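J.: What follows is start.cif; its format and atoms are mmCIF, C-alpha atoms.
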data_my_file
loop_
_atom_site.label_atom_id
_atom_site.label_comp_id
_atom_site.auth_asym_id
_atom_site.auth_seq_id
_atom_site.Cartn_x
_atom_site.Cartn_y
_atom_site.Cartn_z
CA MET A 1 -4.70 -21.66 -21.54
CA GLY A 2 -2.39 -18.83 -22.55
CA TYR A 3 -2.22 -17.11 -19.15
CA THR A 4 0.95 -16.02 -17.44
CA LEU A 5 1.57 -16.44 -13.71
CA GLU A 6 1.41 -12.65 -13.37
CA GLN A 7 -2.12 -12.63 -14.85
CA VAL A 8 -3.24 -15.49 -12.60
CA GLU A 9 -1.72 -13.73 -9.55
CA GLU A 10 -3.66 -10.53 -10.26
CA GLU A 11 -6.94 -12.37 -10.85
CA THR A 12 -6.78 -14.90 -7.95
CA LYS A 13 -4.79 -12.76 -5.47
CA ILE A 14 -2.44 -15.74 -4.90
CA ARG A 15 1.25 -14.83 -4.82
CA LYS A 16 3.23 -15.84 -7.90
CA TYR A 17 5.70 -17.60 -5.55
CA TYR A 18 3.02 -20.06 -4.38
CA LEU A 19 1.55 -20.51 -7.88
CA LYS A 20 4.97 -21.56 -9.18
CA ALA A 21 5.36 -23.93 -6.19
CA LEU A 22 2.05 -25.62 -7.07
CA GLU A 23 3.03 -25.92 -10.75
CA ASP A 24 6.46 -27.39 -9.85
CA GLU A 25 4.98 -29.61 -7.07
CA ASN A 26 7.34 -27.95 -4.59
CA PHE A 27 4.86 -28.35 -1.72
CA ALA A 28 7.44 -27.80 1.03
CA VAL A 29 7.33 -24.00 0.56
CA LEU A 30 3.54 -23.72 0.83
CA PRO A 31 1.99 -22.11 3.95
CA ALA A 32 -0.19 -23.84 6.55
CA ARG A 33 -2.47 -26.65 5.35
CA VAL A 34 -5.74 -24.69 5.41
CA TYR A 35 -4.24 -21.86 3.32
CA ALA A 36 -2.63 -24.29 0.84
CA ILE A 37 -5.96 -26.06 0.25
CA GLY A 38 -7.60 -22.65 -0.25
CA PHE A 39 -4.97 -21.79 -2.89
CA VAL A 40 -5.60 -25.08 -4.76
CA ARG A 41 -9.37 -24.56 -4.67
CA ARG A 42 -9.12 -20.94 -5.90
CA TYR A 43 -6.61 -21.83 -8.64
CA ALA A 44 -8.80 -24.73 -9.87
CA ARG A 45 -11.85 -22.42 -9.98
CA PHE A 46 -9.92 -19.91 -12.12
CA LEU A 47 -8.86 -22.68 -14.54
CA SER A 48 -12.48 -24.00 -14.72
CA LEU A 49 -11.43 -27.33 -13.15
CA ASN A 50 -13.39 -29.44 -10.66
CA GLU A 51 -12.47 -27.84 -7.31
CA ASP A 52 -13.24 -30.90 -5.16
CA GLU A 53 -11.24 -33.26 -7.37
CA ALA A 54 -8.27 -30.87 -7.40
CA VAL A 55 -8.31 -30.60 -3.60
CA GLN A 56 -8.55 -34.39 -3.27
CA TRP A 57 -5.55 -34.88 -5.59
CA PHE A 58 -3.59 -32.34 -3.58
CA LYS A 59 -4.37 -34.12 -0.29
CA GLU A 60 -3.34 -37.50 -1.66
CA MET A 61 0.00 -36.13 -2.89
CA VAL A 62 0.87 -34.06 0.19
CA MET A 63 -1.09 -35.05 3.31
CA PRO A 64 -0.43 -38.34 5.20
CA LYS A 65 -3.66 -40.29 5.71
CA GLU A 66 -3.35 -40.58 9.49
CA TYR A 67 -3.19 -36.80 9.99
CA GLU A 68 -5.94 -35.71 7.56
CA ILE A 69 -8.67 -33.47 8.92
CA GLU A 70 -11.71 -32.86 6.71
CA ASP A 71 -12.39 -29.26 5.58
CA ASP A 72 -15.36 -27.33 6.93
CA THR A 73 -16.76 -27.25 3.37
CA GLU A 74 -16.71 -31.03 3.06
CA GLY A 75 -19.04 -31.96 5.93
CA GLU A 76 -18.25 -33.22 9.40
CA GLU A 77 -15.30 -31.99 11.42
CA LYS A 78 -12.72 -34.24 13.05
CA SER A 79 -10.33 -33.36 15.82
CA PRO A 80 -6.59 -33.69 15.16
CA ARG A 81 -4.79 -36.44 17.09
CA LEU A 82 -3.02 -34.06 19.42
CA LYS A 83 -2.87 -34.33 23.18
CA THR A 84 -4.07 -31.28 25.11
CA PRO A 85 -1.39 -30.25 27.60
CA ALA A 86 -2.41 -30.32 31.25
CA ILE A 87 -2.95 -26.96 32.93
CA LYS A 88 -0.58 -26.23 35.79
CA TRP A 89 -2.39 -24.20 38.43
CA GLN A 90 0.93 -22.91 39.80
CA ASN A 91 1.56 -21.16 36.50
CA VAL A 92 -1.95 -19.68 36.47
CA LEU A 93 -1.53 -18.34 40.03
CA ALA A 94 1.86 -16.82 39.15
CA ALA A 95 0.34 -15.13 36.09
CA VAL A 96 -2.49 -13.64 38.18
CA VAL A 97 -0.05 -12.26 40.76
CA PHE A 98 2.14 -10.78 38.03
CA LEU A 99 -0.90 -9.12 36.42
CA ILE A 100 -1.97 -7.55 39.75
CA LEU A 101 1.54 -6.19 40.34
CA ALA A 102 1.70 -4.77 36.81
CA ILE A 103 -1.64 -2.96 37.26
CA TRP A 104 -0.55 -1.56 40.64
CA LEU A 105 2.79 -0.28 39.30
CA GLY A 106 1.07 1.20 36.25
CA THR A 107 -1.36 3.11 38.47
CA LEU A 108 1.53 4.56 40.52
CA VAL A 109 3.41 5.70 37.40
CA VAL A 110 0.33 7.31 35.84
CA GLY A 111 -0.48 9.12 39.07
CA TYR A 112 3.10 10.42 39.39
CA PHE A 113 3.17 11.88 35.88
CA SER A 114 -0.35 13.31 36.19
CA HIS A 115 0.64 15.17 39.37
CA HIS A 116 3.69 16.76 37.71
CA ILE A 117 1.71 17.75 34.63
CA LYS A 118 -0.84 19.57 36.79
CA GLU A 119 1.95 21.40 38.63
CA ASN A 120 3.52 22.54 35.35
CA ARG A 121 0.20 23.82 34.05
CA SER A 122 -0.43 25.81 37.22
CA THR A 123 2.93 27.67 36.92
CA PRO A 124 2.37 31.14 35.34
CA PRO A 125 4.30 31.67 32.08
CA THR A 126 7.16 34.15 32.03
CA THR A 127 6.96 37.19 29.79
CA SER A 128 9.95 38.00 27.62
CA VAL A 129 11.55 41.45 27.75
CA ASP A 130 10.69 43.83 24.92
CA GLU A 131 13.28 43.83 22.14
CA ARG A 132 13.97 46.42 19.52
CA THR A 133 15.82 45.59 16.29
CA PRO A 134 18.04 48.54 15.31
CA SER A 135 18.44 47.57 11.64
CA THR A 136 14.73 47.51 10.69
CA GLY A 137 13.24 49.58 13.47
CA THR A 138 10.76 46.81 14.31
CA LYS A 139 9.59 46.43 17.89
CA LYS A 140 8.92 42.91 19.23
CA THR A 141 6.48 42.72 22.14
CA GLY A 142 5.90 39.79 24.51
CA SER A 143 6.36 36.48 22.66
CA GLY A 144 6.75 38.14 19.27
CA MET A 145 3.17 37.55 18.03
CA GLY A 146 2.62 41.23 17.14
CA THR A 147 4.99 43.75 15.51
CA SER A 148 4.82 47.45 14.79
CA GLN A 149 7.05 48.94 12.11
CA VAL A 150 8.70 52.34 12.26
CA LYS A 151 7.68 54.68 9.48
CA PRO A 152 10.31 54.60 6.66
CA ALA A 153 12.59 57.54 6.06
CA PRO A 154 11.51 60.28 3.55
CA GLY A 155 12.11 59.20 -0.04
CA LYS A 156 11.80 55.47 0.75
CA GLU A 157 7.98 55.34 0.89
CA GLU A 158 7.55 55.78 -2.89
CA GLU A 159 10.18 53.08 -3.61
CA ASN A 160 8.43 50.61 -1.29
CA SER A 161 5.09 51.23 -3.05
CA LYS A 162 6.65 50.43 -6.44
CA ASN A 163 8.15 47.19 -5.08
CA VAL A 164 4.76 46.09 -3.71
CA ALA A 165 3.05 46.86 -7.04
CA GLY A 166 5.68 44.87 -8.95
CA THR A 167 5.28 41.86 -6.67
CA GLN A 168 1.49 41.85 -7.09
CA ALA A 169 1.84 42.06 -10.90
CA GLY A 170 4.24 39.09 -10.91
CA GLU A 171 1.88 36.99 -8.78
CA LYS A 172 -1.04 37.78 -11.12
CA ALA A 173 0.99 36.81 -14.20
CA GLY A 174 1.96 33.52 -12.55
CA SER A 175 -1.67 32.66 -11.77
CA ASP A 176 -2.75 33.49 -15.36
CA THR A 177 -0.06 31.14 -16.70
CA LYS A 178 -1.31 28.26 -14.48
CA GLU A 179 -4.91 28.79 -15.67
CA GLN A 180 -3.86 28.62 -19.36
CA SER A 181 -1.79 25.40 -18.99
CA THR A 182 -3.04 22.33 -20.81
CA PRO A 183 -4.34 19.30 -18.85
CA SER A 184 -1.74 16.81 -17.72
CA SER A 185 -1.54 13.58 -15.74
CA GLY A 186 1.39 12.68 -13.48
CA GLY A 187 3.54 15.55 -14.85
CA VAL A 188 3.24 14.26 -18.49
CA GLN A 189 1.76 16.57 -21.15
CA LEU A 190 -1.46 15.11 -22.56
CA PRO A 191 -3.33 15.85 -25.82
CA GLU A 192 -6.11 18.43 -25.67
CA LYS A 193 -8.69 16.02 -27.19
CA GLU A 194 -9.83 12.78 -25.57
CA VAL A 195 -9.98 9.41 -27.34
CA THR A 196 -12.79 6.85 -26.97
CA VAL A 197 -11.80 3.15 -26.96
CA LYS A 198 -14.39 0.38 -27.05
CA LEU A 199 -13.63 -3.32 -26.50
CA ARG A 200 -15.92 -6.27 -27.39
CA ALA A 201 -14.98 -9.85 -26.46
CA THR A 202 -15.51 -12.69 -28.93
CA ASP A 203 -13.46 -15.15 -26.85
CA ARG A 204 -12.48 -15.36 -23.19
CA SER A 205 -9.49 -13.08 -22.53
CA TRP A 206 -7.71 -11.23 -19.74
CA VAL A 207 -7.68 -7.43 -20.29
CA SER A 208 -5.95 -4.52 -18.52
CA ILE A 209 -6.92 -0.89 -19.31
CA TYR A 210 -5.13 2.24 -18.05
CA VAL A 211 -6.65 5.71 -18.68
CA ASN A 212 -4.41 8.78 -18.20
CA GLY A 213 -1.92 6.63 -16.29
CA GLU A 214 -4.49 5.17 -13.85
CA ARG A 215 -5.95 1.66 -13.98
CA ALA A 216 -9.57 1.70 -15.19
CA PHE A 217 -10.17 -2.06 -15.62
CA SER A 218 -8.35 -5.34 -15.04
CA GLY A 219 -9.93 -8.76 -15.33
CA ILE A 220 -11.45 -11.44 -17.55
CA MET A 221 -13.82 -10.51 -20.38
CA ASN A 222 -16.12 -13.29 -21.58
CA PRO A 223 -17.67 -13.56 -25.06
CA ASN A 224 -20.24 -10.81 -25.92
CA GLU A 225 -19.05 -8.61 -23.04
CA GLU A 226 -18.24 -4.98 -23.88
CA THR A 227 -16.42 -2.15 -22.13
CA GLN A 228 -15.73 1.44 -23.16
CA VAL A 229 -13.34 4.07 -21.76
CA GLN A 230 -12.49 7.67 -22.65
CA GLY A 231 -9.41 9.74 -21.87
CA TYR A 232 -6.40 11.60 -23.23
CA LYS A 233 -4.25 8.43 -23.21
CA VAL A 234 -5.56 4.84 -23.18
CA THR A 235 -3.14 1.90 -22.72
CA LEU A 236 -4.25 -1.71 -23.39
CA THR A 237 -2.76 -5.07 -22.45
CA ILE A 238 -4.66 -8.11 -23.83
CA GLY A 239 -3.88 -11.72 -22.93
CA ASN A 240 -5.74 -13.16 -25.94
CA ALA A 241 -5.41 -10.62 -28.77
CA GLY A 242 -7.50 -12.77 -31.13
CA GLY A 243 -10.48 -12.62 -28.76
CA ILE A 244 -10.99 -8.83 -28.38
CA LEU A 245 -12.35 -6.48 -31.07
CA VAL A 246 -11.05 -2.90 -30.66
CA THR A 247 -12.87 0.24 -31.84
CA VAL A 248 -11.22 3.70 -31.53
CA ASP A 249 -13.32 6.88 -31.94
CA GLY A 250 -15.95 4.89 -33.85
CA LYS A 251 -13.40 3.28 -36.22
CA GLU A 252 -13.20 -0.49 -35.86
CA LEU A 253 -9.56 -1.68 -35.81
CA GLY A 254 -10.45 -5.37 -35.45
CA TYR A 255 -8.15 -7.73 -33.55
CA LEU A 256 -4.73 -6.48 -32.43
CA GLY A 257 -3.14 -9.91 -32.80
CA LYS A 258 -3.66 -13.63 -33.24
CA SER A 259 -5.53 -16.02 -30.98
CA ARG A 260 -3.69 -16.59 -27.64
CA GLU A 261 -1.17 -13.90 -28.57
CA VAL A 262 -0.36 -11.39 -25.80
CA VAL A 263 -0.37 -7.67 -26.74
CA ARG A 264 1.28 -5.42 -24.14
CA ASP A 265 1.09 -1.64 -23.55
CA LYS A 266 -0.78 -0.69 -26.75
CA VAL A 267 -1.26 3.11 -26.49
CA PHE A 268 -4.10 5.12 -28.10
CA THR A 269 -4.36 8.92 -28.16
CA SER A 270 -6.45 11.35 -30.17
CA GLY A 271 -5.51 11.10 -33.86
CA SER A 272 -3.31 8.00 -33.37
#
Can I see the file as structure tokens?
T.:
Amino acid sequence: MGYTLEQVEEETKIRKYYLKALEDENFAVLPARVYAIGFVRRYARFLSLNEDEAVQWFKEMVMPKEYEIEDDTEGEEKSPRLKTPAIKWQNVLAAVVFLILAIWLGTLVVGYFSHHIKENRSTPPTTSVDERTPSTGTKKTGSGMGTSQVKPAPGKEEENSKNVAGTQAGEKAGSDTKEQSTPSSGGVQLPEKEVTVKLRATDRSWVSIYVNGERAFSGIMNPNEETQVQGYKVTLTIGNAGGILVTVDGKELGYLGKSREVVRDKVFTSGS
């Protein structure tokens, strides 16, 4: 049908590893029976096959008749032929005793730590001795949360004012530069004008659309379905290039390739 395993994996949410195992009939690597049947059913639905027939074929190839258990979706339930192990009451009693001891020990430990935490909280905090820094003339009081600066020497006050003014001017220039920067996405410079891309399906095809580096759409488009996106950079990947008509900024480009041909990472920007 022209699909790759990567496209089927994204659409069905089944790992490519298991899809390849189904295609190669390598059933030994599949997960538990209920999950494997679910994979077959979901894969058949995607390929527009009869789900019940596909599941039945899978059972006949993989599952021995004497161990088959009907699915919930197929009607009545049957119990597997497994013997239920007998319950040993000695083990149950030992488990109950162990649980009681664990709860008792846990209560003792919690109480011990709670008592010490309360004692630590009740102890008054110590106050640090006042410190004075000779080089800057700054006085630190208590825990250092507040400071008072000594007045600068004569002749230094004017120089400090100029430094403060210069710093404020630099910060203002930096903010103006950020406001004038052009829009970007993910650190990549983008055009100033956006481009509008419209897709119309004439045949069933898988389509992936990324706008400004982020995924906007991924899935199957059926005939007569349309989708339209707008952004600075639009990237298309089409599984059936001969089934999707592309229009950019009102100009119809037609098909990007032949029927069943895969077109990858086709980029459109304003003026392209």
J.: Just how far from atom CA of A:Thr237 is atom CA of A:Asp265, in Å to one decimal?
T.: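 Going from atom CA of A:Asp265 over to atom CA of A:Thr237, I get 5.3 Å.
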J.: Compare A:His116, A:Arg260, A:Arg41, A:Arg215 by their minimum atom-to-atom distance to A:Gly242, counting only C-alpha atoms, and give me the closest one.
T.: A:Arg260
J.: Name the closest residue to A:Gly2 among the candidates A:Gln90, A:Thr269, A:Ser205, A:Thr227; distances are taken between atoms, counting only C-alpha atoms.
T.: A:Ser205
J.: Could you work out how far atom CA of A:Tyr35 lies from atom CA of A:Glu6, giving the answer in Å with one decimal?
T.: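 Going from atom CA of A:Glu6 over to atom CA of A:Tyr35, I get 19.9 Å.
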J.: Any idea what the distance is between atom CA of A:Arg200 and atom CA of A:Glu252?
T.: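 So the answer is 10.6 Å.
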J.: Applying 8 Å and all atoms listed in the file, which residues near A:Asp203 remain after dropping the ones on its own chain fewer than 3 positions away? List them as a list in words.
T.: Met221, Asn222, Pro223, Gly242, Gly243 and Ile244 of chain A
J.: Would you list the contacts of A:Lys193 as a PDB file with C-alpha atoms, in the coordinates of the input, taking every protein, DNA or RNA residue within 9 Å and counting all atoms listed in the file, but skipping same-chain residues closer than 4 positions in sequence?
T.:
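New file result.pdb:
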ATOM      1  CA  GLY A 231      -9.410   9.740 -21.870  1.00  0.00           C
ATOM      2  CA  TYR A 232      -6.400  11.600 -23.230  1.00  0.00           C
ATOM      3  CA  THR A 269      -4.360   8.920 -28.160  1.00  0.00           C
ATOM      4  CA  SER A 270      -6.450  11.350 -30.170  1.00  0.00           C
ATOM      5  CA  GLY A 271      -5.510  11.100 -33.860  1.00  0.00           C
TER       6      GLY A 271
END
J.: Run the PyMOL selection byres ((chain A and resi 47) around 12) on the file and write out the hits as a ChimeraX atom specification.
T.: /A:1-3,8,11-12,40-46,48-51,54,204,220
J.: Find the residue from A:Leu256, A:Ile37, A:Leu19, A:Ile100 that sits nearest to A:Ile238; use all atoms listed in the file when measuring.
T.: A:Leu256
J.: Write out all heavy atoms for stretch 229-240 of chain A, as a short mmCIF file (atom, residue, chain, number, x, y, z; two decimals), in the frame of the given file.
T.:
data_model
loop_
_atom_site.label_atom_id
_atom_site.label_comp_id
_atom_site.auth_asym_id
_atom_site.auth_seq_id
_atom_site.Cartn_x
_atom_site.Cartn_y
_atom_site.Cartn_z
N VAL A 229 -14.00 3.06 -22.59
CA VAL A 229 -13.34 4.07 -21.76
C VAL A 229 -13.04 5.29 -22.62
O VAL A 229 -13.02 5.21 -23.85
CB VAL A 229 -12.03 3.52 -21.16
CG1 VAL A 229 -12.30 2.39 -20.20
CG2 VAL A 229 -11.08 3.06 -22.25
N GLN A 230 -12.78 6.42 -21.95
CA GLN A 230 -12.49 7.67 -22.65
C GLN A 230 -11.45 8.45 -21.86
O GLN A 230 -11.54 8.56 -20.64
CB GLN A 230 -13.77 8.50 -22.82
CG GLN A 230 -13.58 9.76 -23.65
CD GLN A 230 -14.91 10.48 -23.89
OE1 GLN A 230 -15.92 10.14 -23.29
NE2 GLN A 230 -14.92 11.47 -24.76
N GLY A 231 -10.45 8.98 -22.55
CA GLY A 231 -9.41 9.74 -21.87
C GLY A 231 -8.41 10.29 -22.87
O GLY A 231 -8.51 10.07 -24.08
N TYR A 232 -7.43 11.03 -22.37
CA TYR A 232 -6.40 11.60 -23.23
C TYR A 232 -5.41 10.54 -23.71
O TYR A 232 -4.86 10.63 -24.79
CB TYR A 232 -5.65 12.71 -22.49
CG TYR A 232 -6.54 13.86 -22.08
CD1 TYR A 232 -6.94 14.01 -20.75
CD2 TYR A 232 -7.00 14.77 -23.01
CE1 TYR A 232 -7.75 15.05 -20.36
CE2 TYR A 232 -7.82 15.82 -22.62
CZ TYR A 232 -8.20 15.97 -21.30
OH TYR A 232 -9.00 16.99 -20.94
N LYS A 233 -5.18 9.51 -22.87
CA LYS A 233 -4.25 8.43 -23.21
C LYS A 233 -4.79 7.13 -22.66
O LYS A 233 -5.03 7.00 -21.47
CB LYS A 233 -2.87 8.72 -22.61
CG LYS A 233 -1.84 7.63 -22.88
CD LYS A 233 -0.51 7.97 -22.21
CE LYS A 233 0.52 6.86 -22.41
NZ LYS A 233 1.79 7.15 -21.71
N VAL A 234 -5.01 6.14 -23.56
CA VAL A 234 -5.56 4.84 -23.18
C VAL A 234 -4.52 3.77 -23.53
O VAL A 234 -4.05 3.71 -24.67
CB VAL A 234 -6.88 4.55 -23.90
CG1 VAL A 234 -7.39 3.17 -23.52
CG2 VAL A 234 -7.92 5.61 -23.54
N THR A 235 -4.15 2.94 -22.53
CA THR A 235 -3.14 1.90 -22.72
C THR A 235 -3.78 0.53 -22.48
O THR A 235 -4.41 0.32 -21.44
CB THR A 235 -1.96 2.09 -21.75
OG1 THR A 235 -1.43 3.41 -21.91
CG2 THR A 235 -0.87 1.08 -22.02
N LEU A 236 -3.63 -0.38 -23.47
CA LEU A 236 -4.25 -1.71 -23.39
C LEU A 236 -3.19 -2.80 -23.28
O LEU A 236 -2.13 -2.71 -23.91
CB LEU A 236 -5.09 -1.97 -24.65
CG LEU A 236 -6.26 -1.04 -24.95
CD1 LEU A 236 -6.96 -1.49 -26.23
CD2 LEU A 236 -7.24 -1.00 -23.80
N THR A 237 -3.51 -3.82 -22.47
CA THR A 237 -2.76 -5.07 -22.45
C THR A 237 -3.78 -6.19 -22.53
O THR A 237 -4.69 -6.27 -21.70
CB THR A 237 -1.92 -5.21 -21.18
OG1 THR A 237 -0.95 -4.15 -21.15
CG2 THR A 237 -1.20 -6.53 -21.15
N ILE A 238 -3.65 -7.07 -23.56
CA ILE A 238 -4.66 -8.11 -23.83
C ILE A 238 -3.95 -9.46 -23.81
O ILE A 238 -2.95 -9.66 -24.50
CB ILE A 238 -5.35 -7.87 -25.18
CG1 ILE A 238 -5.98 -6.46 -25.22
CG2 ILE A 238 -6.41 -8.92 -25.44
CD1 ILE A 238 -6.60 -6.10 -26.55
N GLY A 239 -4.49 -10.40 -23.02
CA GLY A 239 -3.88 -11.72 -22.93
C GLY A 239 -4.20 -12.62 -24.11
O GLY A 239 -3.44 -13.52 -24.44
N ASN A 240 -5.34 -12.38 -24.76
CA ASN A 240 -5.74 -13.16 -25.94
C ASN A 240 -6.14 -12.17 -27.01
O ASN A 240 -7.31 -11.80 -27.15
CB ASN A 240 -6.89 -14.10 -25.59
CG ASN A 240 -7.35 -14.92 -26.79
OD1 ASN A 240 -6.67 -14.99 -27.82
ND2 ASN A 240 -8.51 -15.55 -26.67
#
